[in-house]
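A.B. asks: Sharing entry_18.csv (CSV, C-alpha atoms and all ligand atoms) below.
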chain,number,residue,atom,x,y,z
C,1,MET,CA,146.3,28.0,32.9
C,2,LYS,CA,149.1,26.9,30.6
C,3,ARG,CA,150.2,30.5,30.3
C,4,LEU,CA,151.9,31.6,33.6
C,5,PHE,CA,153.7,34.0,31.3
C,6,THR,CA,156.3,34.1,28.7
C,7,ILE,CA,159.2,32.9,30.8
C,8,VAL,CA,157.5,29.6,31.3
C,9,ALA,CA,157.2,29.2,27.6
C,10,VAL,CA,160.0,26.7,27.9
C,11,SER,CA,157.5,24.2,29.4
C,12,LEU,CA,155.5,24.5,26.2
C,13,LEU,CA,158.7,24.0,24.1
C,14,PHE,CA,159.5,21.0,26.1
C,15,SER,CA,156.1,19.5,25.6
C,16,LEU,CA,157.3,19.1,22.0
C,17,VAL,CA,160.6,17.6,23.3
C,18,ALA,CA,159.6,15.3,26.0
C,19,PRO,CA,158.4,11.8,25.2
C,20,VAL,CA,155.1,11.2,27.0
C,21,ALA,CA,155.9,7.5,27.1
C,22,ALA,CA,156.6,6.1,30.5
C,23,GLN,CA,160.1,6.6,31.6
C,24,GLU,CA,162.4,4.0,33.1
C,25,ALA,CA,161.8,3.8,36.8
C,26,THR,CA,163.6,6.6,38.6
C,27,PRO,CA,165.1,6.1,42.0
C,28,GLY,CA,163.1,6.2,45.1
C,29,ALA,CA,164.6,8.0,48.0
C,30,SER,CA,166.6,5.0,48.9
C,31,GLU,CA,168.7,5.2,45.7
C,32,SER,CA,169.0,9.0,45.7
C,33,LEU,CA,172.4,10.4,46.6
C,34,LEU,CA,171.0,13.5,48.2
C,35,ALA,CA,168.3,11.7,50.2
C,36,GLY,CA,169.5,10.2,53.4
C,37,LEU,CA,172.0,13.1,54.1
C,38,GLY,CA,169.7,14.2,56.9
C,39,TYR,CA,168.3,17.4,55.5
C,40,ALA,CA,164.7,18.4,56.2
C,41,GLU,CA,162.6,17.1,53.3
C,42,LEU,CA,160.1,19.0,51.2
C,43,LEU,CA,157.9,16.6,49.2
C,44,ILE,CA,156.1,18.1,46.2
C,45,ARG,CA,153.8,16.1,44.0
C,46,ALA,CA,152.8,17.7,40.7
C,47,ASP,CA,150.1,16.6,38.4
C,48,GLY,CA,150.0,19.4,35.8
C,49,ALA,CA,148.8,22.6,37.5
C,50,ASP,CA,147.7,20.5,40.5
C,51,VAL,CA,150.5,20.7,43.0
C,52,GLU,CA,150.5,19.0,46.4
C,53,LEU,CA,152.9,20.4,49.0
C,54,PRO,CA,152.9,21.2,52.7
C,55,ASP,CA,151.5,24.6,53.7
C,56,GLN,CA,154.7,25.4,55.5
C,57,VAL,CA,158.2,24.3,56.0
C,58,THR,CA,161.0,25.4,58.3
C,59,ALA,CA,163.8,27.6,57.0
C,60,GLY,CA,167.2,26.0,56.4
C,61,ARG,CA,168.9,23.6,54.1
C,62,THR,CA,166.2,21.5,52.5
C,63,LEU,CA,166.0,18.5,50.3
C,64,ILE,CA,163.4,19.0,47.6
C,65,VAL,CA,161.8,15.8,46.4
C,66,TYR,CA,159.7,16.5,43.3
C,67,GLU,CA,157.5,13.8,41.8
C,68,ASN,CA,156.0,14.5,38.4
C,69,VAL,CA,152.8,12.4,38.4
C,70,GLY,CA,151.3,14.3,35.5
C,71,GLN,CA,151.3,13.7,31.7
C,72,ASP,CA,153.7,16.4,30.6
C,73,SER,CA,157.3,17.2,31.3
C,74,THR,CA,157.6,20.1,33.9
C,75,HIS,CA,160.1,22.9,34.2
C,76,PRO,CA,159.4,24.1,37.8
C,77,PHE,CA,161.2,26.7,39.9
C,78,MET,CA,160.7,28.6,43.1
C,79,LEU,CA,160.9,32.1,44.3
C,80,ARG,CA,160.8,34.0,47.6
C,81,LEU,CA,158.6,37.0,47.4
C,82,PRO,CA,160.2,40.4,47.8
C,83,ASP,CA,159.7,41.6,51.3
C,84,ASP,CA,157.5,44.6,50.4
C,85,LEU,CA,155.1,42.6,48.2
C,86,ALA,CA,151.8,41.2,49.6
C,87,VAL,CA,151.1,37.6,48.8
C,88,ASP,CA,147.6,38.4,47.4
C,89,GLU,CA,149.1,40.9,45.0
C,90,ALA,CA,151.8,38.5,43.9
C,91,LEU,CA,149.3,35.7,43.2
C,92,ALA,CA,147.1,38.2,41.3
C,93,ASP,CA,150.0,39.3,39.2
C,94,LEU,CA,150.8,35.6,38.3
C,95,GLY,CA,147.2,34.6,37.6
C,96,PRO,CA,146.0,32.9,34.5
C,97,GLU,CA,145.5,36.3,32.8
C,98,ALA,CA,149.2,37.2,33.2
C,99,MET,CA,150.7,37.8,29.8
C,100,GLU,CA,154.1,38.9,31.0
C,101,PRO,CA,156.2,38.8,34.1
C,102,PRO,CA,155.3,41.5,36.7
C,103,ALA,CA,157.9,44.3,37.3
C,104,TRP,CA,158.9,42.8,40.6
C,105,PHE,CA,159.7,39.4,39.3
C,106,LEU,CA,163.4,39.7,39.1
C,107,ASP,CA,163.5,41.3,42.6
C,108,ALA,CA,162.4,38.0,44.0
C,109,GLU,CA,165.0,35.6,45.5
C,110,PHE,CA,165.5,32.3,43.6
C,111,PRO,CA,166.8,29.6,46.0
C,112,GLY,CA,167.2,27.0,43.3
C,113,PHE,CA,164.9,24.1,42.6
C,114,VAL,CA,164.9,20.7,40.8
C,115,GLY,CA,165.4,20.8,37.1
C,116,GLU,CA,163.1,19.8,34.2
C,117,THR,CA,161.3,16.6,35.2
C,118,LEU,CA,159.7,14.1,32.9
C,119,PRO,CA,156.4,12.4,33.6
C,120,GLY,CA,156.9,9.5,36.1
C,121,GLN,CA,160.2,10.9,37.3
C,122,THR,CA,161.3,12.1,40.7
C,123,SER,CA,163.9,14.8,40.9
C,124,PHE,CA,166.1,15.8,43.9
C,125,ALA,CA,167.8,19.1,44.8
C,126,VAL,CA,169.2,20.6,48.0
C,127,VAL,CA,168.7,24.3,48.5
C,128,ASP,CA,168.8,26.9,51.3
C,129,LEU,CA,165.4,28.3,52.2
C,130,VAL,CA,165.1,31.6,54.0
C,131,ALA,CA,161.9,32.5,56.0
C,132,GLY,CA,159.2,34.2,54.0
C,133,PRO,CA,156.4,33.5,51.6
C,134,HIS,CA,157.5,31.4,48.6
C,135,LEU,CA,155.9,30.4,45.4
C,136,VAL,CA,156.4,27.1,43.5
C,137,LEU,CA,155.9,28.0,39.8
C,138,HIS,CA,155.1,25.9,36.8
C,139,ASP,CA,151.6,25.8,35.2
C,140,SER,CA,150.4,27.4,38.4
C,141,ALA,CA,151.8,29.5,41.3
C,142,VAL,CA,151.4,27.7,44.6
C,143,LEU,CA,152.2,29.3,47.9
C,144,LEU,CA,154.6,27.8,50.4
C,145,ASP,CA,155.3,29.5,53.7
C,146,VAL,CA,158.8,29.1,55.0
C,147,VAL,CA,159.0,29.9,58.7
C,148,GLY,CA,161.8,30.1,61.3
C,149,THR,CA,165.1,31.9,61.5
C,150,ASP,CA,167.8,29.3,60.6
C,151,ASP,CA,170.7,30.7,58.6
C,152,ALA,CA,171.1,27.6,56.6
C,153,SER,CA,174.3,28.4,54.7
C,154,VAL,CA,176.1,28.9,58.0
C,155,THR,CA,174.8,25.9,60.0
C,156,ALA,CA,174.5,23.1,57.5
C,157,GLU,CA,177.1,20.9,56.0
C,158,ASP,CA,177.4,20.9,52.2
C,159,PRO,CA,176.6,17.7,50.4
C,160,SER,CA,179.7,16.2,48.8
C,161,ALA,CA,179.7,17.0,45.1
C,162,ASP,CA,181.1,15.0,42.2
C,163,ALA,CA,181.3,18.2,40.0
C,164,THR,CA,181.0,21.9,40.4
C,165,VAL,CA,179.3,24.1,37.8
C,166,SER,CA,179.0,27.9,37.7
C,167,LEU,CA,176.4,30.0,36.0
C,168,PHE,CA,177.0,33.6,34.9
C,169,GLU,CA,176.2,36.1,32.1
C,170,MET,CA,175.9,34.5,29.6
C,171,GLY,CA,177.3,31.1,30.0
C,172,TYR,CA,178.4,28.1,32.1
C,173,GLU,CA,181.6,26.6,33.5
C,174,PHE,CA,181.8,22.9,33.6
C,175,PRO,CA,184.6,20.6,34.8
C,176,ASP,CA,187.0,19.4,32.0
C,177,THR,CA,185.7,15.9,32.3
C,178,ILE,CA,182.3,14.6,33.4
C,179,ASP,CA,181.8,11.0,34.2
C,180,ALA,CA,178.7,8.9,33.4
C,181,GLY,CA,176.4,7.8,36.1
C,182,ARG,CA,174.3,9.2,39.0
C,183,GLN,CA,176.1,12.1,40.7
C,184,VAL,CA,175.7,15.3,42.7
C,185,TRP,CA,176.5,18.7,41.2
C,186,GLU,CA,177.2,21.8,43.2
C,187,VAL,CA,175.8,24.7,41.2
C,188,THR,CA,176.7,28.3,42.0
C,189,ASN,CA,175.5,31.5,40.3
C,190,THR,CA,178.7,33.6,40.1
C,191,GLY,CA,176.9,36.3,38.0
C,192,GLN,CA,174.8,39.3,38.7
C,193,GLU,CA,171.4,38.1,37.5
C,194,PRO,CA,169.4,34.9,38.2
C,195,HIS,CA,170.2,31.9,36.0
C,196,GLU,CA,169.2,28.3,35.6
C,197,LEU,CA,170.9,25.1,34.5
C,198,LEU,CA,168.5,23.3,32.2
C,199,LEU,CA,170.2,20.2,30.8
C,200,VAL,CA,169.3,18.4,27.6
C,201,SER,CA,170.8,15.3,26.1
C,202,SER,CA,171.3,15.1,22.3
C,203,THR,CA,171.5,11.9,20.3
C,204,VAL,CA,173.8,13.7,17.8
C,205,PRO,CA,176.8,16.0,18.4
C,206,VAL,CA,175.7,19.6,19.2
C,207,THR,CA,177.4,23.0,19.5
C,208,ALA,CA,176.1,26.0,21.6
C,209,GLU,CA,175.3,27.8,18.3
C,210,GLN,CA,173.2,24.9,17.1
C,211,ILE,CA,171.2,24.6,20.3
C,212,ILE,CA,170.5,28.4,20.2
C,213,ALA,CA,169.4,28.1,16.6
C,214,LEU,CA,167.1,25.2,17.4
C,215,PHE,CA,165.3,27.0,20.2
C,216,SER,CA,165.1,30.2,18.1
C,217,SER,CA,163.6,28.4,15.1
C,218,GLU,CA,159.9,28.8,14.6
C,219,SER,CA,159.4,25.4,13.0
C,220,GLU,CA,156.5,23.2,14.2
C,221,ASP,CA,158.2,20.1,12.8
C,222,GLU,CA,160.0,18.4,15.6
C,223,ASN,CA,162.3,16.7,13.0
C,224,ALA,CA,163.4,20.0,11.4
C,225,THR,CA,167.1,20.7,11.8
C,226,PRO,CA,168.0,24.4,12.0
C,227,VAL,CA,170.3,26.1,9.5
C,228,GLY,CA,173.8,25.2,10.7
C,229,GLY,CA,172.9,21.6,11.5
C,230,GLY,CA,172.9,19.9,14.8
C,231,PRO,CA,169.9,18.3,16.6
C,232,SER,CA,166.2,18.6,15.9
C,233,PHE,CA,163.8,18.7,18.8
C,234,ALA,CA,163.3,15.0,18.2
C,235,ASN,CA,167.0,14.5,19.0
C,236,ILE,CA,167.0,16.1,22.4
C,237,ASP,CA,165.5,15.3,25.8
C,238,PRO,CA,165.6,17.2,29.1
C,239,VAL,CA,167.7,15.5,31.7
C,240,GLY,CA,167.3,17.6,34.8
C,241,GLY,CA,169.5,20.4,36.1
C,242,LEU,CA,168.8,23.1,38.6
C,243,GLY,CA,165.9,25.6,38.6
C,244,TRP,CA,166.3,29.4,38.8
C,245,LEU,CA,169.1,30.5,41.2
C,246,SER,CA,169.8,34.0,42.4
C,247,ALA,CA,173.2,35.7,42.0
C,248,GLY,CA,175.6,34.5,44.7
C,249,ALA,CA,173.5,31.4,45.6
C,250,THR,CA,174.5,27.8,45.5
C,251,GLY,CA,172.3,24.7,45.2
C,252,TRP,CA,172.9,21.0,44.7
C,253,THR,CA,171.3,18.8,42.2
C,254,GLU,CA,171.4,15.1,41.3
C,255,VAL,CA,171.8,14.1,37.7
C,256,ASP,CA,172.1,10.6,36.1
C,257,LEU,CA,174.1,10.9,32.8
C,258,GLN,CA,174.7,8.3,30.1
C,259,PRO,CA,177.7,8.7,27.8
C,260,GLY,CA,176.8,11.1,25.1
C,261,HIS,CA,176.3,14.7,24.1
C,262,TYR,CA,174.7,17.4,26.3
C,263,ALA,CA,173.8,21.0,26.2
C,264,ALA,CA,173.0,23.5,29.1
C,265,ILE,CA,170.6,26.4,28.5
C,266,CYS,CA,169.0,29.2,30.5
C,267,PHE,CA,165.5,30.5,30.1
C,268,VAL,CA,165.7,33.3,32.7
C,269,PHE,CA,164.6,36.4,30.9
C,270,ASP,CA,166.5,39.6,30.3
C,271,PRO,CA,164.7,42.5,32.0
C,272,GLU,CA,165.6,45.0,29.2
C,273,THR,CA,164.4,42.9,26.2
C,274,GLY,CA,162.3,40.2,27.7
C,275,MET,CA,164.4,37.7,25.8
C,276,PRO,CA,165.4,34.4,27.4
C,277,HIS,CA,169.2,34.3,28.2
C,278,LEU,CA,169.5,31.4,25.8
C,279,MET,CA,168.8,33.8,22.9
C,280,LEU,CA,171.5,36.1,24.3
C,281,GLY,CA,174.0,33.3,24.1
C,282,MET,CA,173.6,31.5,27.4
C,283,ALA,CA,174.2,27.9,26.1
C,284,ASP,CA,177.1,25.5,26.5
C,285,VAL,CA,177.8,21.9,25.6
C,286,PHE,CA,179.7,19.0,27.0
C,287,THR,CA,180.2,15.3,26.4
C,288,VAL,CA,180.1,12.5,28.9
C,289,GLY,CA,182.4,9.5,28.2
C,290,ASP,CA,184.3,8.9,25.0
C,291,ASP,CA,183.0,10.5,21.8
U,1,CU,CU,170.7,32.9,32.5
Write out the structure in this file as structure tokens.

C.D. replies:
Amino acid sequence: MKRLFTIVAVSLLFSLVAPVAAQEATPGASESLLAGLGYAELLIRADGADVELPDQVTAGRTLIVYENVGQDSTHPFMLRLPDDLAVDEALADLGPEAMEPPAWFLDAEFPGFVGETLPGQTSFAVVDLVAGPHLVLHDSAVLLDVVGTDDASVTAEDPSADATVSLFEMGYEFPDTIDAGRQVWEVTNTGQEPHELLLVSSTVPVTAEQIIALFSSESEDENATPVGGGPSFANIDPVGGLGWLSAGATGWTEVDLQPGHYAAICFVFDPETGMPHLMLGMADVFTVGDD
């Protein structure tokens, strides 16, 4: 069941990266910046491929609260099935036998989702859900029915954001300065294809070229530094972000950043080559606080 298909290969990569040791306590809803803003809440509790969630939620602007109670870091995302695709067919296409993404995959809508979440952590994101059958994807594909007619982007107030970030082919735009601490980011896909914001912290300075070289390297040794220097997998940790987001869509995520070095990468695949966008250059770096 570990093989949803190649695009989820990143979760395998991150099982190298993420320490399995217990994390510092992460905030309950009371400390979250996005919780308490009055949005309808969708609570998801994931234990590996075992995902607990309601059968159905109402369309509209929604706070996703995602608890990873499993042993491994997870890299979840969500899609709304194309209108002409039957649910049974979609689930069959994404079953344990699936070796590659089905042809319809990039025709789905991606409303955004929480980012990579370490064991014991809870992640928060605010996204707009449109009525229709959805799937929550990680080690498994789990159905979530969104019902109703609410046009969320028109009726709901935006969360106030500490930073805005855009995603496009093949890169990111970040603010000139990013402060440390817990904060809300407004993330918009200004490109033509789906993209994601997968954030990693690095204990050593890092360039975009170095992070691409690291993920392109075939080394099994987590201490190996790729040609060109920079971090090894032992130097980096996932620190959240925002899951797959369709062109033109906006979502809000909550991040908690310590001063240091960071990279943003995208594992959405290119339909022509099947390559993750990262390998096509979709990586950027930033620092928080003084160098
Ligand atoms: Cu991308």

A.B. asks: Could you give me the residues within 8 Å of ligand CU 1 (chain U), counting all atoms listed in the file, as a PyMOL selection string?

C.D. replies: chain C and resi 167-171+193-196+265-269+276-278+282

A.B. asks: Ranking C:Gln56, C:Ser217, C:Gln183, C:Ser166 by minimum distance to Ala247 in chain C and counting all atoms listed in the file, which one comes first?

C.D. replies: C:Ser166

A.B. asks: Rank nothing, just name the residue among C:Thr58, C:Thr149, C:Thr117, C:Ser216 nearest to Ala40 in chain C, using all atoms listed in the file.

C.D. replies: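 Nearest candidate to Ala40 in chain C out of C:Thr58, C:Thr149, C:Thr117, C:Ser216: C:Thr58.
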
A.B. asks: Which residue out of C:Leu79, C:Tyr66, C:Gly228, C:Gly191 has the minimum interatomic distance to Leu144 in chain C when only C-alpha atoms are used?

C.D. replies: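 Going through C:Leu79, C:Tyr66, C:Gly228, C:Gly191 one by one, the smallest distance to Leu144 in chain C is for C:Leu79.
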
A.B. asks: Counting all atoms listed in the file, which of C:Val200, C:Leu137, C:Ala86, C:Leu37 gets nearest to Gln258 in chain C?

C.D. replies: C:Val200

A.B. asks: Closest to Leu33 in chain C among C:Phe124, C:Tyr172, C:Phe286, C:Trp244, using only C-alpha atoms?

C.D. replies: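 Smallest distance to Leu33 in chain C is found for C:Phe124.
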